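This is data_22.csv (CSV, C-alpha atoms).
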```csv
chain,number,residue,atom,x,y,z
M,1,MET,CA,99.3,-51.5,17.6
M,2,SER,CA,100.3,-50.9,14.0
M,3,ASN,CA,97.0,-52.4,12.8
M,4,GLN,CA,95.0,-50.0,15.0
M,5,ARG,CA,97.1,-47.1,13.6
M,6,LEU,CA,96.5,-48.2,10.1
M,7,SER,CA,92.8,-48.5,10.7
M,8,LEU,CA,92.7,-45.1,12.2
M,9,ASP,CA,94.6,-43.6,9.2
M,10,LYS,CA,92.0,-45.2,6.9
M,11,ARG,CA,89.2,-43.7,8.8
M,12,THR,CA,90.9,-40.3,8.9
M,13,TYR,CA,91.4,-40.4,5.1
M,14,THR,CA,87.8,-41.5,4.5
M,15,VAL,CA,86.4,-38.7,6.7
M,16,THR,CA,88.7,-36.2,5.1
M,17,PHE,CA,87.7,-37.3,1.6
M,18,ILE,CA,83.9,-37.1,2.5
M,19,LEU,CA,84.3,-33.7,4.0
M,20,SER,CA,86.3,-32.5,1.0
M,21,LEU,CA,83.6,-33.8,-1.3
M,22,VAL,CA,80.9,-32.1,0.7
M,23,LEU,CA,82.9,-28.8,0.7
M,24,LEU,CA,83.3,-29.1,-3.1
M,25,VAL,CA,79.6,-29.6,-3.6
M,26,CYS,CA,78.8,-26.6,-1.4
M,27,ILE,CA,81.2,-24.4,-3.3
M,28,VAL,CA,79.7,-25.4,-6.6
M,29,ARG,CA,76.2,-24.9,-5.2
M,30,VAL,CA,77.1,-21.4,-3.9
M,31,PHE,CA,78.7,-20.5,-7.2
M,32,THR,CA,75.8,-21.6,-9.4
M,33,GLY,CA,73.3,-20.1,-7.0
M,34,SER,CA,75.0,-16.7,-7.1
M,35,LYS,CA,75.1,-16.9,-10.9
M,36,LYS,CA,71.4,-17.6,-11.0
M,37,ASP,CA,70.7,-14.6,-8.7
M,38,THR,CA,72.9,-12.4,-10.8
M,39,LYS,CA,71.1,-13.6,-14.0
M,40,TYR,CA,67.7,-12.5,-12.8
M,41,ASP,CA,68.8,-9.4,-10.9
M,42,ASP,CA,67.8,-7.0,-13.7
M,43,LEU,CA,64.3,-8.6,-13.8
M,44,ILE,CA,63.4,-8.7,-10.2
M,45,THR,CA,65.0,-5.4,-9.0
M,46,THR,CA,63.4,-3.1,-11.6
M,47,GLY,CA,61.5,-0.3,-9.9
M,48,GLY,CA,63.1,-1.1,-6.5
M,49,ALA,CA,61.6,-4.5,-6.1
M,50,ILE,CA,63.0,-6.7,-3.3
M,51,ARG,CA,65.7,-9.1,-4.5
M,52,ARG,CA,64.7,-12.6,-3.9
M,53,SER,CA,65.6,-16.1,-5.1
M,54,LEU,CA,63.6,-17.7,-7.9
M,55,SER,CA,63.2,-21.4,-8.4
M,56,PHE,CA,61.8,-23.0,-11.6
M,57,THR,CA,60.6,-26.5,-11.8
M,58,ILE,CA,60.1,-28.5,-14.9
M,59,PRO,CA,57.0,-30.7,-14.8
M,60,SER,CA,57.8,-34.4,-15.0
M,61,GLN,CA,54.7,-35.1,-17.1
M,62,LYS,CA,53.8,-33.6,-20.5
M,63,THR,CA,51.3,-30.8,-20.2
M,64,THR,CA,48.0,-31.3,-22.0
M,65,VAL,CA,47.3,-28.6,-24.7
M,66,CYS,CA,43.7,-27.9,-25.5
M,67,LYS,CA,43.2,-28.4,-29.2
M,68,THR,CA,39.4,-27.9,-29.5
M,69,GLN,CA,38.1,-25.3,-31.9
M,70,GLU,CA,37.0,-23.1,-29.1
M,71,CYS,CA,40.5,-23.0,-27.6
M,72,LYS,CA,42.0,-22.3,-31.0
M,73,ASP,CA,39.6,-19.4,-31.5
M,74,ILE,CA,40.4,-18.0,-28.1
M,75,ALA,CA,44.2,-18.3,-28.8
M,76,LYS,CA,43.8,-16.5,-32.1
M,77,TYR,CA,41.7,-13.8,-30.4
M,78,VAL,CA,44.4,-13.3,-27.7
M,79,LYS,CA,47.2,-13.2,-30.3
M,80,ARG,CA,45.3,-10.6,-32.5
M,81,SER,CA,44.8,-8.5,-29.4
M,82,MET,CA,48.6,-8.2,-28.8
M,83,ASN,CA,51.1,-6.0,-30.6
M,84,THR,CA,54.3,-8.1,-30.7
M,85,SER,CA,56.2,-5.5,-32.6
M,86,VAL,CA,56.3,-3.4,-29.3
M,87,ASP,CA,59.0,-4.1,-26.8
M,88,PRO,CA,57.2,-5.4,-23.6
M,89,CYS,CA,59.9,-3.9,-21.4
M,90,SER,CA,59.2,-0.4,-22.9
M,91,ASN,CA,55.4,-0.5,-23.1
M,92,PHE,CA,53.8,-3.7,-21.7
M,93,TYR,CA,50.3,-2.3,-22.0
M,94,LYS,CA,50.7,-1.6,-25.7
M,95,PHE,CA,52.4,-5.0,-26.2
M,96,THR,CA,49.4,-6.9,-24.6
M,97,CYS,CA,46.5,-4.7,-25.8
M,98,GLY,CA,47.8,-2.8,-28.9
M,99,GLY,CA,46.1,-5.1,-31.4
M,100,TRP,CA,42.7,-4.9,-29.7
M,101,ILE,CA,42.9,-1.1,-29.4
M,102,LYS,CA,43.7,-0.7,-33.1
M,103,ARG,CA,40.8,-2.9,-34.2
M,104,ASN,CA,38.3,-1.5,-31.7
M,105,PRO,CA,38.4,2.3,-31.7
M,106,ILE,CA,36.2,4.1,-29.2
M,107,PRO,CA,32.8,4.8,-30.7
M,108,LYS,CA,31.8,8.5,-31.1
M,109,THR,CA,28.8,8.0,-28.7
M,110,SER,CA,31.0,6.7,-25.9
M,111,SER,CA,33.8,8.1,-23.7
M,112,SER,CA,35.4,4.7,-23.2
M,113,PHE,CA,35.3,1.2,-24.7
M,114,SER,CA,36.3,-2.3,-23.4
M,115,THR,CA,35.7,-6.0,-24.1
M,116,PHE,CA,32.8,-5.9,-21.6
M,117,ALA,CA,31.2,-2.9,-23.4
M,118,LYS,CA,31.6,-4.7,-26.7
M,119,LEU,CA,30.0,-7.8,-25.3
M,120,ASN,CA,27.2,-5.8,-23.8
M,121,SER,CA,26.5,-4.2,-27.2
M,122,ARG,CA,26.2,-7.7,-28.8
M,123,VAL,CA,23.8,-8.8,-26.0
M,124,GLU,CA,21.7,-5.7,-26.5
M,125,LYS,CA,21.5,-6.3,-30.3
M,126,ALA,CA,20.5,-10.0,-29.7
M,127,LEU,CA,17.8,-8.9,-27.2
M,128,ARG,CA,16.5,-6.3,-29.6
M,129,LYS,CA,16.3,-8.9,-32.4
M,130,ILE,CA,14.2,-11.1,-30.0
M,131,ILE,CA,11.9,-8.3,-29.0
M,132,GLU,CA,11.3,-7.1,-32.5
M,133,ASP,CA,10.6,-10.6,-33.8
M,134,LYS,CA,7.1,-10.7,-35.2
M,135,THR,CA,6.7,-14.4,-35.8
M,136,GLY,CA,6.0,-15.2,-32.2
M,137,LYS,CA,7.8,-18.6,-32.6
M,138,TYR,CA,9.7,-18.3,-29.4
M,139,ASP,CA,7.2,-16.2,-27.4
M,140,ASN,CA,6.4,-16.9,-23.8
M,141,GLU,CA,5.0,-15.0,-20.9
M,142,TYR,CA,8.1,-13.0,-20.3
M,143,THR,CA,8.9,-12.1,-23.9
M,144,LYS,CA,5.4,-11.0,-24.5
M,145,LYS,CA,5.6,-8.5,-21.6
M,146,ALA,CA,8.9,-7.3,-22.8
M,147,LYS,CA,7.6,-6.8,-26.3
M,148,THR,CA,4.5,-4.9,-25.0
M,149,PHE,CA,6.8,-2.6,-22.9
M,150,TYR,CA,9.1,-2.1,-25.9
M,151,LYS,CA,6.3,-1.2,-28.2
M,152,SER,CA,5.0,1.4,-25.7
M,153,CYS,CA,8.4,3.0,-25.7
M,154,MET,CA,8.7,3.0,-29.5
M,155,ASP,CA,5.1,4.4,-30.1
M,156,LEU,CA,6.3,8.0,-30.6
M,157,LYS,CA,2.9,9.1,-32.0
M,158,SER,CA,1.1,8.2,-28.8
M,159,ILE,CA,3.9,9.7,-26.7
M,160,ASP,CA,3.7,13.0,-28.6
M,161,HIS,CA,-0.1,13.0,-28.4
M,162,LEU,CA,-0.1,12.5,-24.6
M,163,GLY,CA,2.6,15.1,-24.1
M,164,ALA,CA,3.3,16.0,-20.4
M,165,LYS,CA,0.0,14.5,-19.2
M,166,PRO,CA,1.5,11.2,-17.8
M,167,LEU,CA,4.1,13.2,-15.8
M,168,VAL,CA,1.5,15.7,-14.5
M,169,ASP,CA,-0.8,12.8,-13.4
M,170,LEU,CA,2.2,11.2,-11.6
M,171,ILE,CA,3.0,14.5,-9.7
M,172,ARG,CA,-0.7,15.0,-8.8
M,173,ASP,CA,-0.9,11.4,-7.6
M,174,VAL,CA,1.9,11.9,-5.1
M,175,GLY,CA,0.5,15.2,-3.8
M,176,SER,CA,1.0,17.7,-6.6
M,177,SER,CA,3.2,20.7,-6.4
M,178,LYS,CA,2.6,24.4,-5.6
M,179,LEU,CA,5.1,25.4,-8.3
M,180,PHE,CA,2.9,24.6,-11.3
M,181,ASP,CA,-0.4,23.3,-10.0
M,182,SER,CA,-1.7,25.4,-7.1
M,183,LYS,CA,-5.3,24.2,-7.9
M,184,HIS,CA,-4.5,20.6,-6.7
M,185,TRP,CA,-1.9,21.6,-4.1
M,186,ASP,CA,-3.0,21.1,-0.5
M,187,GLU,CA,-0.3,22.2,1.9
M,188,LYS,CA,-2.3,21.4,5.1
M,189,ASN,CA,-3.0,17.8,4.1
M,190,TRP,CA,0.4,17.1,2.4
M,191,ASP,CA,2.6,14.7,4.4
M,192,LEU,CA,6.2,13.9,3.5
M,193,ARG,CA,6.2,10.5,5.2
M,194,GLN,CA,3.1,9.4,3.4
M,195,THR,CA,4.4,10.7,0.1
M,196,LEU,CA,7.7,8.9,0.4
M,197,LEU,CA,5.9,5.7,1.4
M,198,LYS,CA,3.6,6.0,-1.6
M,199,VAL,CA,6.5,6.6,-4.0
M,200,GLN,CA,8.5,3.7,-2.5
M,201,LYS,CA,5.6,1.3,-2.6
M,202,LYS,CA,3.9,2.2,-5.9
M,203,TYR,CA,6.5,3.7,-8.2
M,204,ALA,CA,9.8,2.2,-7.1
M,205,SER,CA,10.2,-1.6,-7.3
M,206,ALA,CA,13.8,-1.6,-6.0
M,207,GLY,CA,15.1,1.9,-5.5
M,208,GLY,CA,13.2,4.7,-4.0
M,209,PRO,CA,13.9,8.4,-3.4
M,210,LEU,CA,15.9,7.8,-0.2
M,211,PHE,CA,16.7,4.1,0.0
M,212,SER,CA,16.8,1.0,-2.1
M,213,VAL,CA,15.6,-2.5,-1.2
M,214,HIS,CA,16.7,-5.7,-2.8
M,215,VAL,CA,17.4,-9.3,-2.1
M,216,GLY,CA,21.1,-10.4,-1.7
M,217,ASN,CA,23.2,-13.2,-0.4
M,218,ASP,CA,23.9,-13.5,3.3
M,219,PRO,CA,27.6,-12.9,3.8
M,220,ARG,CA,27.6,-15.2,6.8
M,221,ASN,CA,25.7,-18.0,5.1
M,222,ASN,CA,25.8,-18.3,1.3
M,223,LYS,CA,23.0,-20.9,1.4
M,224,ARG,CA,20.3,-18.3,2.3
M,225,HIS,CA,19.2,-14.8,1.2
M,226,ILE,CA,18.7,-11.7,3.1
M,227,LEU,CA,16.7,-8.4,2.5
M,228,GLU,CA,19.1,-5.5,2.1
M,229,VAL,CA,18.1,-1.9,2.7
M,230,ASN,CA,20.6,0.7,1.5
M,231,LEU,CA,20.4,4.4,2.0
M,232,LEU,CA,21.2,6.4,-1.1
M,233,LYS,CA,24.2,8.7,-1.1
M,234,SER,CA,23.7,12.5,-1.2
M,235,THR,CA,25.2,12.6,-4.8
M,236,GLU,CA,22.6,10.0,-5.9
M,237,ILE,CA,19.8,11.9,-4.3
M,238,LEU,CA,20.9,15.1,-6.0
```

Would you encode the structure as structure tokens?
Amino acid sequence: MSNQRLSLDKRTYTVTFILSLVLLVCIVRVFTGSKKDTKYDDLITTGGAIRRSLSFTIPSQKTTVCKTQECKDIAKYVKRSMNTSVDPCSNFYKFTCGGWIKRNPIPKTSSSFSTFAKLNSRVEKALRKIIEDKTGKYDNEYTKKAKTFYKSCMDLKSIDHLGAKPLVDLIRDVGSSKLFDSKHWDEKNWDLRQTLLKVQKKYASAGGPLFSVHVGNDPRNNKRHILEVNLLKSTEIL
């Protein structure tokens, strides 16, 4: 009887010790968790954000850092684009973009400027250099056509000599107009549908007076293409 009681007392002490240890762990966990929440309260509640718990994990393996010249150049570019003298909590936009804005003022010929506009300007300069190349070293069927078209646009003497004739010929070809050319205007035989058809077919490769036609990707199957016909908005027509 005494042995059974002694065994029961040992079990009771063991269970009590385990429960006490679990309770102690829970108390420590709650305390440290509440400290973590309090620590990040100011960060996650700014602007009325919903308070939530944050967890951070430290990777077990060392992260690989890119050390190529291209990565170094990009890192320098990003660093130069920042303005670390600004407090990010006061003006995050100026902190991240202040350096770029200072080094890239808006050109007088533009109302805005961005990295994409800057890149587009570089591409246009490169294309102009190719088109204006007179050696013909890298010419092919496409560059020759582009050069011919470019030369026609830059031939100001011929443009001034022709004057308004090309535009007048175009208007007459599509049916003329009573406003300035009553001699060639024929109201009885003028047909709006035939005129729009002619303009769309002959003078508009992609976008016409009322609608545009182009080839796009099928939204239901990206392995095939579809023909898209889009009506122009009233603002675009005007």

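Near region 140-153 of chain M, within 9 Å and counting only C-alpha atoms, sit Ile130, Ile131, Glu132, Asp133, Ser158 and Ile159 of chain M; same-chain residues fewer than 5 positions away were not included.
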
How far is it from CA of Leu156 (chain M) to CA of Lys134 (chain M), in Å with one decimal?
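Going from CA of Leu156 (chain M) over to CA of Lys134 (chain M), I get 19.3 Å.
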
Contacts of region 173-177 of chain M at 10 Å or less, counting all atoms listed in the file, minus same-chain residues fewer than 4 places along, as a ChimeraX atom specification?
/M:167-169,181-187,189-192,194-199,202-203

What is the CA of Ser114 (chain M) to CA of Gly98 (chain M) distance in Å?
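If I compute the distance from CA of Ser114 (chain M) to CA of Gly98 (chain M), I get 12.8 Å.
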
With distances taken over all atoms listed in the file, which of M:Pro105, M:Pro166, M:Pro88, M:Pro209 is nearest to Arg193 (chain M)?
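The closest residue to Arg193 (chain M) is M:Pro209.
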
Kindly give the distance, in Å, that separates CA of Ser212 (chain M) and CA of Ile171 (chain M), rounded to a single decimal.
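CA of Ser212 (chain M) sits 20.7 Å away from CA of Ile171 (chain M).
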
Provide region 206-226 of chain M rebuilt to N, CA and C atoms, formatted as a short mmCIF file (atom, residue, chain, number, x, y, z; two decimals), keeping the file's coordinate frame.
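Dumped everything to result02.cif:
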```
data_model
loop_
_atom_site.label_atom_id
_atom_site.label_comp_id
_atom_site.auth_asym_id
_atom_site.auth_seq_id
_atom_site.Cartn_x
_atom_site.Cartn_y
_atom_site.Cartn_z
N ALA M 206 12.53 -1.30 -6.73
CA ALA M 206 13.80 -1.60 -6.00
C ALA M 206 14.39 -0.43 -5.33
N GLY M 207 14.49 0.69 -6.07
CA GLY M 207 15.10 1.90 -5.50
C GLY M 207 14.19 3.03 -5.42
N GLY M 208 14.08 3.62 -4.24
CA GLY M 208 13.20 4.70 -4.00
C GLY M 208 13.92 6.05 -3.94
N PRO M 209 13.26 7.09 -3.45
CA PRO M 209 13.90 8.40 -3.40
C PRO M 209 15.00 8.52 -2.34
N LEU M 210 14.92 7.73 -1.28
CA LEU M 210 15.90 7.80 -0.20
C LEU M 210 16.65 6.55 0.07
N PHE M 211 16.06 5.41 -0.25
CA PHE M 211 16.70 4.10 0.00
C PHE M 211 16.30 3.11 -1.01
N SER M 212 17.11 2.07 -1.15
CA SER M 212 16.80 1.00 -2.10
C SER M 212 16.66 -0.32 -1.30
N VAL M 213 15.83 -1.18 -1.83
CA VAL M 213 15.60 -2.50 -1.20
C VAL M 213 15.76 -3.57 -2.23
N HIS M 214 16.56 -4.57 -1.90
CA HIS M 214 16.70 -5.70 -2.80
C HIS M 214 17.17 -6.93 -2.03
N VAL M 215 17.06 -8.06 -2.68
CA VAL M 215 17.40 -9.30 -2.10
C VAL M 215 18.88 -9.67 -2.44
N GLY M 216 19.68 -10.03 -1.44
CA GLY M 216 21.10 -10.40 -1.70
C GLY M 216 21.47 -11.62 -0.93
N ASN M 217 22.71 -12.05 -1.13
CA ASN M 217 23.20 -13.20 -0.40
C ASN M 217 23.70 -12.86 0.97
N ASP M 218 23.43 -13.75 1.90
CA ASP M 218 23.90 -13.50 3.30
C ASP M 218 25.38 -13.73 3.34
N PRO M 219 26.16 -12.71 3.74
CA PRO M 219 27.60 -12.90 3.80
C PRO M 219 28.09 -13.87 4.82
N ARG M 220 27.24 -14.21 5.79
CA ARG M 220 27.60 -15.20 6.80
C ARG M 220 27.16 -16.60 6.48
N ASN M 221 26.25 -16.70 5.52
CA ASN M 221 25.70 -18.00 5.10
C ASN M 221 25.28 -17.94 3.68
N ASN M 222 26.11 -18.43 2.76
CA ASN M 222 25.80 -18.30 1.30
C ASN M 222 24.67 -19.21 0.87
N LYS M 223 24.10 -19.99 1.78
CA LYS M 223 23.00 -20.90 1.40
C LYS M 223 21.63 -20.20 1.61
N ARG M 224 21.61 -18.99 2.10
CA ARG M 224 20.30 -18.30 2.30
C ARG M 224 20.46 -16.84 1.82
N HIS M 225 19.31 -16.21 1.64
CA HIS M 225 19.20 -14.80 1.20
C HIS M 225 18.74 -13.92 2.28
N ILE M 226 19.09 -12.65 2.14
CA ILE M 226 18.70 -11.70 3.10
C ILE M 226 18.09 -10.45 2.37
#
```
